[in-house]
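Okay, input.pdb is below, PDB, C-alpha atoms and all ligand atoms:
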ATOM      1  CA  MET A   1      -2.187  24.397  25.353  1.00  0.00           C
ATOM      2  CA  THR A   2      -5.705  23.194  24.710  1.00  0.00           C
ATOM      3  CA  ALA A   3      -7.314  21.464  27.665  1.00  0.00           C
ATOM      4  CA  PHE A   4      -8.911  18.237  26.431  1.00  0.00           C
ATOM      5  CA  ALA A   5     -12.034  16.653  27.849  1.00  0.00           C
ATOM      6  CA  ILE A   6     -10.669  13.094  27.774  1.00  0.00           C
ATOM      7  CA  PRO A   7      -7.109  11.734  28.094  1.00  0.00           C
ATOM      8  CA  THR A   8      -5.152  12.172  24.855  1.00  0.00           C
ATOM      9  CA  TRP A   9      -3.005   9.554  23.098  1.00  0.00           C
ATOM     10  CA  GLU A  10       0.503   9.445  21.704  1.00  0.00           C
ATOM     11  CA  THR A  11       1.065  10.499  18.113  1.00  0.00           C
ATOM     12  CA  PRO A  12       1.526   7.302  16.080  1.00  0.00           C
ATOM     13  CA  SER A  13       5.153   7.021  15.004  1.00  0.00           C
ATOM     14  CA  ILE A  14       7.664   4.840  13.207  1.00  0.00           C
ATOM     15  CA  PRO A  15      11.355   4.411  14.129  1.00  0.00           C
ATOM     16  CA  ILE A  16      13.945   5.963  11.833  1.00  0.00           C
ATOM     17  CA  THR A  17      16.769   3.730  10.640  1.00  0.00           C
ATOM     18  CA  GLY A  18      19.955   4.529  12.531  1.00  0.00           C
ATOM     19  CA  ALA A  19      18.429   7.334  14.610  1.00  0.00           C
ATOM     20  CA  ALA A  20      17.076   7.698  18.131  1.00  0.00           C
ATOM     21  CA  ASN A  21      14.114   9.859  17.146  1.00  0.00           C
ATOM     22  CA  ALA A  22      10.965   8.727  15.352  1.00  0.00           C
ATOM     23  CA  PHE A  23       8.867   9.711  12.348  1.00  0.00           C
ATOM     24  CA  PRO A  24       5.426  11.017  13.407  1.00  0.00           C
ATOM     25  CA  VAL A  25       2.584   9.653  11.288  1.00  0.00           C
ATOM     26  CA  ARG A  26      -0.160  12.132  10.390  1.00  0.00           C
ATOM     27  CA  ARG A  27      -2.227  10.340   7.719  1.00  0.00           C
ATOM     28  CA  ILE A  28      -1.859   7.284   5.481  1.00  0.00           C
ATOM     29  CA  TYR A  29      -2.733   7.523   1.777  1.00  0.00           C
ATOM     30  CA  CYS A  30      -2.637   4.456  -0.455  1.00  0.00           C
ATOM     31  CA  VAL A  31      -2.532   4.270  -4.255  1.00  0.00           C
ATOM     32  CA  GLY A  32      -4.810   1.683  -5.874  1.00  0.00           C
ATOM     33  CA  ARG A  33      -3.757  -0.504  -8.820  1.00  0.00           C
ATOM     34  CA  ASN A  34      -0.353   1.068  -9.443  1.00  0.00           C
ATOM     35  CA  TYR A  35       1.281  -1.938 -11.111  1.00  0.00           C
ATOM     36  CA  ALA A  36      -0.194  -3.074 -14.437  1.00  0.00           C
ATOM     37  CA  ALA A  37       0.081  -6.807 -13.718  1.00  0.00           C
ATOM     38  CA  HIS A  38      -1.758  -6.380 -10.390  1.00  0.00           C
ATOM     39  CA  ALA A  39      -4.470  -4.234 -12.014  1.00  0.00           C
ATOM     40  CA  ARG A  40      -4.966  -7.018 -14.573  1.00  0.00           C
ATOM     41  CA  GLU A  41      -5.156  -9.761 -11.912  1.00  0.00           C
ATOM     42  CA  MET A  42      -7.900  -7.689 -10.208  1.00  0.00           C
ATOM     43  CA  GLY A  43      -9.826  -7.497 -13.504  1.00  0.00           C
ATOM     44  CA  HIS A  44      -9.009  -3.974 -14.698  1.00  0.00           C
ATOM     45  CA  ASP A  45      -7.389  -2.378 -17.718  1.00  0.00           C
ATOM     46  CA  PRO A  46      -4.341  -0.543 -16.354  1.00  0.00           C
ATOM     47  CA  ASP A  47      -3.989   1.691 -19.416  1.00  0.00           C
ATOM     48  CA  ARG A  48      -7.135   3.737 -18.940  1.00  0.00           C
ATOM     49  CA  GLU A  49      -7.199   4.602 -15.261  1.00  0.00           C
ATOM     50  CA  PRO A  50      -5.894   7.743 -13.584  1.00  0.00           C
ATOM     51  CA  PRO A  51      -4.500   7.075 -10.072  1.00  0.00           C
ATOM     52  CA  PHE A  52      -7.025   6.720  -7.264  1.00  0.00           C
ATOM     53  CA  PHE A  53      -6.535   6.732  -3.529  1.00  0.00           C
ATOM     54  CA  PHE A  54      -7.871   5.375  -0.288  1.00  0.00           C
ATOM     55  CA  THR A  55      -6.741   5.865   3.309  1.00  0.00           C
ATOM     56  CA  LYS A  56      -5.932   4.052   6.506  1.00  0.00           C
ATOM     57  CA  PRO A  57      -5.957   5.530  10.016  1.00  0.00           C
ATOM     58  CA  ALA A  58      -2.526   6.648  11.254  1.00  0.00           C
ATOM     59  CA  ASP A  59      -2.785   4.262  14.200  1.00  0.00           C
ATOM     60  CA  ALA A  60      -3.222   1.261  11.870  1.00  0.00           C
ATOM     61  CA  ILE A  61       0.572   0.953  11.692  1.00  0.00           C
ATOM     62  CA  VAL A  62       2.240  -2.123  13.193  1.00  0.00           C
ATOM     63  CA  PRO A  63       5.956  -1.813  14.052  1.00  0.00           C
ATOM     64  CA  ASN A  64       8.425  -4.030  12.221  1.00  0.00           C
ATOM     65  CA  GLY A  65       8.987  -7.385  13.899  1.00  0.00           C
ATOM     66  CA  ALA A  66       5.777  -7.274  15.923  1.00  0.00           C
ATOM     67  CA  GLY A  67       3.048  -9.853  15.452  1.00  0.00           C
ATOM     68  CA  THR A  68       0.087  -8.698  13.372  1.00  0.00           C
ATOM     69  CA  PRO A  69      -3.341  -9.746  14.654  1.00  0.00           C
ATOM     70  CA  TYR A  70      -5.400 -11.574  12.015  1.00  0.00           C
ATOM     71  CA  PRO A  71      -8.453  -9.293  11.690  1.00  0.00           C
ATOM     72  CA  VAL A  72     -12.054 -10.173  12.431  1.00  0.00           C
ATOM     73  CA  GLN A  73     -14.790 -10.312   9.767  1.00  0.00           C
ATOM     74  CA  THR A  74     -12.714 -11.915   6.997  1.00  0.00           C
ATOM     75  CA  THR A  75     -11.694 -15.335   5.717  1.00  0.00           C
ATOM     76  CA  ASN A  76      -9.694 -13.921   2.792  1.00  0.00           C
ATOM     77  CA  LEU A  77      -6.964 -11.607   4.086  1.00  0.00           C
ATOM     78  CA  HIS A  78      -4.429 -10.465   1.474  1.00  0.00           C
ATOM     79  CA  PRO A  79      -1.079  -8.817   2.235  1.00  0.00           C
ATOM     80  CA  GLU A  80       0.051  -6.331  -0.433  1.00  0.00           C
ATOM     81  CA  ILE A  81       3.765  -5.506  -0.362  1.00  0.00           C
ATOM     82  CA  GLU A  82       4.347  -1.807  -1.059  1.00  0.00           C
ATOM     83  CA  MET A  83       7.067   0.809  -0.837  1.00  0.00           C
ATOM     84  CA  VAL A  84       6.044   3.495   1.639  1.00  0.00           C
ATOM     85  CA  VAL A  85       6.986   7.152   1.148  1.00  0.00           C
ATOM     86  CA  ALA A  86       7.271   9.340   4.266  1.00  0.00           C
ATOM     87  CA  LEU A  87       6.805  13.087   3.706  1.00  0.00           C
ATOM     88  CA  ALA A  88       8.905  15.720   5.496  1.00  0.00           C
ATOM     89  CA  THR A  89       6.960  18.571   3.893  1.00  0.00           C
ATOM     90  CA  GLY A  90       3.709  18.896   1.980  1.00  0.00           C
ATOM     91  CA  GLY A  91       1.764  21.361  -0.072  1.00  0.00           C
ATOM     92  CA  LYS A  92      -0.962  21.819  -2.669  1.00  0.00           C
ATOM     93  CA  ASP A  93      -0.391  21.230  -6.382  1.00  0.00           C
ATOM     94  CA  ILE A  94       3.238  20.214  -5.818  1.00  0.00           C
ATOM     95  CA  PRO A  95       5.009  20.465  -9.195  1.00  0.00           C
ATOM     96  CA  LEU A  96       6.398  17.234 -10.588  1.00  0.00           C
ATOM     97  CA  ASP A  97       9.979  18.511 -10.485  1.00  0.00           C
ATOM     98  CA  GLN A  98       9.654  19.471  -6.801  1.00  0.00           C
ATOM     99  CA  ALA A  99       7.836  16.331  -5.618  1.00  0.00           C
ATOM    100  CA  ASN A 100      10.944  14.433  -4.500  1.00  0.00           C
ATOM    101  CA  ASP A 101      11.933  17.417  -2.323  1.00  0.00           C
ATOM    102  CA  CYS A 102       8.984  16.591  -0.025  1.00  0.00           C
ATOM    103  CA  ILE A 103      10.279  13.125   0.829  1.00  0.00           C
ATOM    104  CA  TYR A 104      11.855  12.401   4.210  1.00  0.00           C
ATOM    105  CA  GLY A 105      12.514   8.750   3.463  1.00  0.00           C
ATOM    106  CA  TYR A 106      11.111   5.368   2.558  1.00  0.00           C
ATOM    107  CA  GLY A 107       9.916   2.222   4.277  1.00  0.00           C
ATOM    108  CA  VAL A 108       8.484  -1.169   3.383  1.00  0.00           C
ATOM    109  CA  GLY A 109       4.837  -1.756   4.243  1.00  0.00           C
ATOM    110  CA  LEU A 110       1.957  -4.170   3.900  1.00  0.00           C
ATOM    111  CA  ASP A 111      -1.440  -2.919   2.763  1.00  0.00           C
ATOM    112  CA  LEU A 112      -3.485  -5.618   4.489  1.00  0.00           C
ATOM    113  CA  THR A 113      -6.828  -6.080   2.765  1.00  0.00           C
ATOM    114  CA  ARG A 114     -10.001  -7.952   3.732  1.00  0.00           C
ATOM    115  CA  ARG A 115     -10.456  -9.050   0.101  1.00  0.00           C
ATOM    116  CA  ASP A 116     -13.820 -10.711   0.656  1.00  0.00           C
ATOM    117  CA  MET A 117     -15.225  -7.552   2.236  1.00  0.00           C
ATOM    118  CA  GLN A 118     -13.658  -5.429  -0.515  1.00  0.00           C
ATOM    119  CA  GLY A 119     -15.351  -7.608  -3.131  1.00  0.00           C
ATOM    120  CA  VAL A 120     -18.749  -6.954  -1.566  1.00  0.00           C
ATOM    121  CA  ALA A 121     -17.983  -3.218  -1.396  1.00  0.00           C
ATOM    122  CA  LYS A 122     -17.028  -3.168  -5.097  1.00  0.00           C
ATOM    123  CA  ASP A 123     -20.197  -5.063  -6.091  1.00  0.00           C
ATOM    124  CA  MET A 124     -22.446  -2.767  -4.054  1.00  0.00           C
ATOM    125  CA  GLY A 125     -20.664   0.499  -4.850  1.00  0.00           C
ATOM    126  CA  ARG A 126     -19.726   0.995  -1.194  1.00  0.00           C
ATOM    127  CA  PRO A 127     -16.533   2.538   0.270  1.00  0.00           C
ATOM    128  CA  TRP A 128     -13.389   0.487   0.892  1.00  0.00           C
ATOM    129  CA  ASP A 129     -12.719   1.909   4.360  1.00  0.00           C
ATOM    130  CA  MET A 130     -13.613  -1.220   6.311  1.00  0.00           C
ATOM    131  CA  SER A 131     -11.814  -3.561   3.892  1.00  0.00           C
ATOM    132  CA  LYS A 132      -8.606  -1.477   3.919  1.00  0.00           C
ATOM    133  CA  GLY A 133      -8.527   0.770   6.994  1.00  0.00           C
ATOM    134  CA  PHE A 134      -9.086  -1.640   9.888  1.00  0.00           C
ATOM    135  CA  ASP A 135      -6.983  -1.955  13.061  1.00  0.00           C
ATOM    136  CA  HIS A 136      -3.396  -3.189  12.505  1.00  0.00           C
ATOM    137  CA  SER A 137      -3.859  -3.028   8.713  1.00  0.00           C
ATOM    138  CA  ALA A 138      -0.512  -1.310   8.014  1.00  0.00           C
ATOM    139  CA  PRO A 139       2.644  -3.117   9.189  1.00  0.00           C
ATOM    140  CA  VAL A 140       5.619  -0.934   8.210  1.00  0.00           C
ATOM    141  CA  THR A 141       9.395  -0.933   8.703  1.00  0.00           C
ATOM    142  CA  SER A 142      11.534   1.838  10.074  1.00  0.00           C
ATOM    143  CA  ILE A 143      11.885   4.797   7.721  1.00  0.00           C
ATOM    144  CA  THR A 144      15.240   5.082   5.950  1.00  0.00           C
ATOM    145  CA  PRO A 145      16.001   8.791   5.339  1.00  0.00           C
ATOM    146  CA  ILE A 146      16.898   9.797   1.791  1.00  0.00           C
ATOM    147  CA  PHE A 147      20.250  11.126   3.005  1.00  0.00           C
ATOM    148  CA  GLN A 148      21.065   7.451   3.620  1.00  0.00           C
ATOM    149  CA  CYS A 149      19.405   5.718   0.669  1.00  0.00           C
ATOM    150  CA  GLY A 150      18.998   8.475  -1.940  1.00  0.00           C
ATOM    151  CA  ILE A 151      15.918   8.922  -4.139  1.00  0.00           C
ATOM    152  CA  ILE A 152      14.548   5.458  -4.959  1.00  0.00           C
ATOM    153  CA  GLU A 153      13.045   4.968  -8.424  1.00  0.00           C
ATOM    154  CA  SER A 154      13.793   1.310  -9.160  1.00  0.00           C
ATOM    155  CA  GLY A 155      14.825  -1.882  -7.444  1.00  0.00           C
ATOM    156  CA  ARG A 156      13.368  -5.227  -6.513  1.00  0.00           C
ATOM    157  CA  ILE A 157      10.161  -5.362  -4.443  1.00  0.00           C
ATOM    158  CA  SER A 158       9.146  -8.793  -3.152  1.00  0.00           C
ATOM    159  CA  LEU A 159       7.144 -10.674  -0.534  1.00  0.00           C
ATOM    160  CA  THR A 160       7.655 -14.169   0.842  1.00  0.00           C
ATOM    161  CA  VAL A 161       5.106 -16.077   2.925  1.00  0.00           C
ATOM    162  CA  ASN A 162       6.633 -18.896   4.998  1.00  0.00           C
ATOM    163  CA  GLY A 163       9.741 -18.571   2.816  1.00  0.00           C
ATOM    164  CA  GLU A 164       7.808 -19.003  -0.448  1.00  0.00           C
ATOM    165  CA  LEU A 165       8.014 -16.167  -2.987  1.00  0.00           C
ATOM    166  CA  ARG A 166       4.554 -14.625  -3.602  1.00  0.00           C
ATOM    167  CA  GLN A 167       5.193 -11.207  -5.099  1.00  0.00           C
ATOM    168  CA  ASP A 168       8.307 -10.239  -7.064  1.00  0.00           C
ATOM    169  CA  SER A 169       8.615  -7.150  -9.230  1.00  0.00           C
ATOM    170  CA  ASP A 170      10.536  -3.923  -9.686  1.00  0.00           C
ATOM    171  CA  LEU A 171       9.583  -0.455  -8.461  1.00  0.00           C
ATOM    172  CA  ASN A 172      10.109   0.806 -12.014  1.00  0.00           C
ATOM    173  CA  ALA A 173       6.949  -1.135 -12.979  1.00  0.00           C
ATOM    174  CA  MET A 174       4.768   1.406 -11.154  1.00  0.00           C
ATOM    175  CA  ILE A 175       2.205   2.968 -13.506  1.00  0.00           C
ATOM    176  CA  TRP A 176       2.433   6.282 -11.587  1.00  0.00           C
ATOM    177  CA  SER A 177       5.937   7.050 -10.274  1.00  0.00           C
ATOM    178  CA  VAL A 178       6.379   8.418  -6.755  1.00  0.00           C
ATOM    179  CA  PRO A 179       6.784  12.039  -7.980  1.00  0.00           C
ATOM    180  CA  GLU A 180       3.739  11.665 -10.251  1.00  0.00           C
ATOM    181  CA  THR A 181       1.741  10.272  -7.326  1.00  0.00           C
ATOM    182  CA  ILE A 182       2.751  13.186  -5.058  1.00  0.00           C
ATOM    183  CA  ASN A 183       1.940  15.644  -7.844  1.00  0.00           C
ATOM    184  CA  TYR A 184      -1.494  14.099  -8.483  1.00  0.00           C
ATOM    185  CA  LEU A 185      -2.456  13.534  -4.827  1.00  0.00           C
ATOM    186  CA  SER A 186      -1.472  17.092  -3.880  1.00  0.00           C
ATOM    187  CA  GLY A 187      -4.010  18.270  -6.470  1.00  0.00           C
ATOM    188  CA  LEU A 188      -6.746  16.482  -4.506  1.00  0.00           C
ATOM    189  CA  ILE A 189      -5.737  17.390  -0.948  1.00  0.00           C
ATOM    190  CA  GLU A 190      -3.020  19.460   0.708  1.00  0.00           C
ATOM    191  CA  LEU A 191      -0.270  17.041   1.673  1.00  0.00           C
ATOM    192  CA  LYS A 192       1.237  17.557   5.131  1.00  0.00           C
ATOM    193  CA  PRO A 193       4.449  16.697   6.983  1.00  0.00           C
ATOM    194  CA  GLY A 194       4.083  13.229   8.519  1.00  0.00           C
ATOM    195  CA  ASP A 195       1.879  11.857   5.753  1.00  0.00           C
ATOM    196  CA  LEU A 196       2.697   8.370   4.473  1.00  0.00           C
ATOM    197  CA  ILE A 197       1.969   7.207   0.939  1.00  0.00           C
ATOM    198  CA  PHE A 198       1.656   3.467   0.229  1.00  0.00           C
ATOM    199  CA  THR A 199       2.646   3.316  -3.434  1.00  0.00           C
ATOM    200  CA  GLY A 200       0.748   0.234  -4.621  1.00  0.00           C
ATOM    201  CA  THR A 201       1.482  -3.455  -4.963  1.00  0.00           C
ATOM    202  CA  PRO A 202       2.700  -5.693  -7.793  1.00  0.00           C
ATOM    203  CA  ASP A 203       0.890  -8.861  -8.854  1.00  0.00           C
ATOM    204  CA  GLY A 204       0.809 -12.114  -6.942  1.00  0.00           C
ATOM    205  CA  VAL A 205      -1.613 -11.240  -4.137  1.00  0.00           C
ATOM    206  CA  ALA A 206      -3.159 -14.204  -2.312  1.00  0.00           C
ATOM    207  CA  ALA A 207      -4.606 -15.134   1.067  1.00  0.00           C
ATOM    208  CA  ILE A 208      -2.677 -15.656   4.309  1.00  0.00           C
ATOM    209  CA  GLU A 209      -3.599 -17.460   7.512  1.00  0.00           C
ATOM    210  CA  ARG A 210      -2.845 -17.210  11.216  1.00  0.00           C
ATOM    211  CA  GLY A 211       0.719 -18.367  11.900  1.00  0.00           C
ATOM    212  CA  ASP A 212       2.052 -17.325   8.488  1.00  0.00           C
ATOM    213  CA  VAL A 213       5.454 -15.631   8.535  1.00  0.00           C
ATOM    214  CA  LEU A 214       5.748 -12.691   6.100  1.00  0.00           C
ATOM    215  CA  GLU A 215       8.926 -11.046   4.861  1.00  0.00           C
ATOM    216  CA  GLY A 216       8.744  -7.989   2.625  1.00  0.00           C
ATOM    217  CA  HIS A 217      11.724  -6.603   0.757  1.00  0.00           C
ATOM    218  CA  VAL A 218      12.561  -3.468  -1.187  1.00  0.00           C
ATOM    219  CA  ASP A 219      16.144  -2.990  -2.355  1.00  0.00           C
ATOM    220  CA  GLY A 220      18.030  -0.564  -0.130  1.00  0.00           C
ATOM    221  CA  LEU A 221      15.482  -0.565   2.728  1.00  0.00           C
ATOM    222  CA  GLU A 222      14.934  -2.574   5.895  1.00  0.00           C
ATOM    223  CA  THR A 223      13.253  -5.974   5.518  1.00  0.00           C
ATOM    224  CA  LEU A 224       9.733  -6.132   6.895  1.00  0.00           C
ATOM    225  CA  LYS A 225       9.028  -9.144   9.112  1.00  0.00           C
ATOM    226  CA  THR A 226       5.759 -10.050  10.759  1.00  0.00           C
ATOM    227  CA  THR A 227       3.896 -13.151  11.880  1.00  0.00           C
ATOM    228  CA  MET A 228       0.109 -13.322  11.678  1.00  0.00           C
ATOM    229  CA  ILE A 229      -1.205 -14.032  15.174  1.00  0.00           C
TER     230      ILE A 229
HETATM  231 MN    MN A 301      -2.448  -1.675  -1.980  1.00  0.00          MN
END
Can you turn what I pasted into structure tokens?
Amino acid sequence: MTAFAIPTWETPSIPITGAANAFPVRRIYCVGRNYAAHAREMGHDPDREPPFFFTKPADAIVPNGAGTPYPVQTTNLHPEIEMVVALATGGKDIPLDQANDCIYGYGVGLDLTRRDMQGVAKDMGRPWDMSKGFDHSAPVTSITPIFQCGIIESGRISLTVNGELRQDSDLNAMIWSVPETINYLSGLIELKPGDLIFTGTPDGVAAIERGDVLEGHVDGLETLKTTMI
């Protein structure tokens, strides 16, 4: 065992639906603009863009049911409802027809975004890290293993804020399917066991405030619940 110079920390993890053990989180990759209607509402032509990615720290996850702290340095926080893919195995240049074999299971997550800060970053050609990868920026449900839910390719994805429907679409509206995303991303980096992939959000994004109650839903998976505190 390596002797470390400072005290170490626990590996970030997410509960597994119906199991006592947990899913260890290595890295969090997020797909940008993966639903055409959302790409259009953000001012882009969804037909011309290959997938692109950004990341969040592994310890940005917030467990389901916990309060999510409203972050500093923003007055325009947007929650993006997304299906989350949890990888059991990884690899480089994973072929399309083997991509689903890497999946351990799925969860429901929020890609919290400091939209005002992101707007400045876009205008100035700066990175998105601080608008996307801040503390507590990734609330996520327990992971449902594929032996329970099967491979998920379609189904309703929705978000309510204080009981009011904000986002409502179908997973089959993704521009890049989950296997295509795994195939493409594994051509950029070597994917590893424990990696999470946030698969993009449908249209309907808008600001939330402290005290708002959020419920995120994907057919067949646990419902995500969090209150902004
Ligand atoms: Mn997103």
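For the file at hand, the PyMOL selection byres (((not hetatm)) within 8 of (chain A and resi 301)) resolves to A:Cys30, A:Val31, A:Gly32, A:Arg33, A:Glu80, A:Ile81, A:Glu82, A:Leu110, A:Asp111, A:Leu112, A:Thr113, A:Phe198, A:Thr199, A:Gly200, A:Thr201.
Neighbours of segment 116-121 of chain A closer than or equal to 7 Å, with all atoms listed in the file counted and sequence neighbours fewer than 6 positions away skipped, come out as A:Thr74, A:Asn76, A:Pro127, A:Trp128, A:Ser131.
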Picked residues, the PyMOL selection byres (((chain A and resi 24) around 12) and not hetatm), as a VMD selection string: chain A and resid 10 to 16 21 to 23 25 to 28 58 to 59 61 86 to 88 104 142 to 143 192 to 196
Two-atom distance - atom CA of Gly105 of chain A, atom CA of Asn64 of chain A (Å):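 Pair atom CA of Gly105 of chain A / atom CA of Asn64 of chain A returns 16.0 Å.
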Need to verify the contact set: Thr144 of chain A, 8 Å, all atoms listed in the file, exclusion of same-chain residues closer than 5 positions in sequence. Can you return it as a PDB file with C-alpha atoms, keeping the file's coordinate frame?
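After the write, out-v4.pdb holds the following:
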ATOM      1  CA  ILE A  16      13.945   5.963  11.833  1.00  0.00           C
ATOM      2  CA  THR A  17      16.769   3.730  10.640  1.00  0.00           C
ATOM      3  CA  GLY A 105      12.514   8.750   3.463  1.00  0.00           C
ATOM      4  CA  TYR A 106      11.111   5.368   2.558  1.00  0.00           C
ATOM      5  CA  GLY A 107       9.916   2.222   4.277  1.00  0.00           C
ATOM      6  CA  CYS A 149      19.405   5.718   0.669  1.00  0.00           C
ATOM      7  CA  LEU A 221      15.482  -0.565   2.728  1.00  0.00           C
ATOM      8  CA  GLU A 222      14.934  -2.574   5.895  1.00  0.00           C
TER       9      GLU A 222
END
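Residues matched by the PyMOL selection byres (((chain A and resi 42) around 12) and not hetatm) in this file: A:Gly32, A:Arg33, A:Asn34, A:Tyr35, A:Ala36, A:Ala37, A:His38, A:Ala39, A:Arg40, A:Glu41, A:Gly43, A:His44, A:Asp45, A:Pro46, A:Arg115, A:Gln118, A:Gly119, A:Lys122, A:Thr201, A:Pro202, A:Asp203, A:Gly204, A:Val205, A:Ala206.
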A:Asp93, A:Pro79, A:His217, A:Lys56 ranked by distance to Gly187 of chain A, top pick (using all atoms listed in the file): A:Asp93
Straight-line distance linking atom CA of Asp219 of chain A with atom CA of Glu164 of chain A, stated in Å to one decimal: 18.2 Å
Pairwise distance for atom CA of Asn100 of chain A and atom CA of Ile182 of chain A, rounded to one decimal in Å: 8.3 Å
A:Asp135, A:Thr223, A:Val85, A:Arg166 ranked by distance to Ala99 of chain A, top pick (using only C-alpha atoms):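 Between A:Asp135, A:Thr223, A:Val85, A:Arg166, the residue approaching Ala99 of chain A most closely is A:Val85.
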Long-range neighbours of Glu153 of chain A as a list in words, 12 Å cut-off, all atoms listed in the file, 2 positions minimum in chain: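 Once the adjacent positions are removed, what remains is Met83, Val85, Asn100, Tyr106, Ile146, Cys149, Gly150, Ile151, Gly155, Arg156, Ile157, Asp170, Leu171, Asn172, Ala173, Met174, Trp176, Ser177, Val178, Pro179, Glu180, Thr199, Val218, Asp219 and Gly220 of chain A.
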Closest of A:Leu191, A:Gly216, A:Tyr29, A:Ser169 to Phe53 of chain A - atom-to-atom distances counting all atoms listed in the file: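 Residue with the minimum atom-to-atom distance to Phe53 of chain A: A:Tyr29.
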Nearest to Pro71 of chain A, chosen from A:Ser137, A:Thr227, A:Gln148, A:Thr181, with all atoms listed in the file counted in the distances: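 Looking at the shortest contact to Pro71 of chain A, the residue is A:Ser137.
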Contact residues around Gly67 of chain A with only C-alpha atoms at 8 Å, ignoring same-chain residues under 4 positions, as a ChimeraX atom specification: /A:226-229
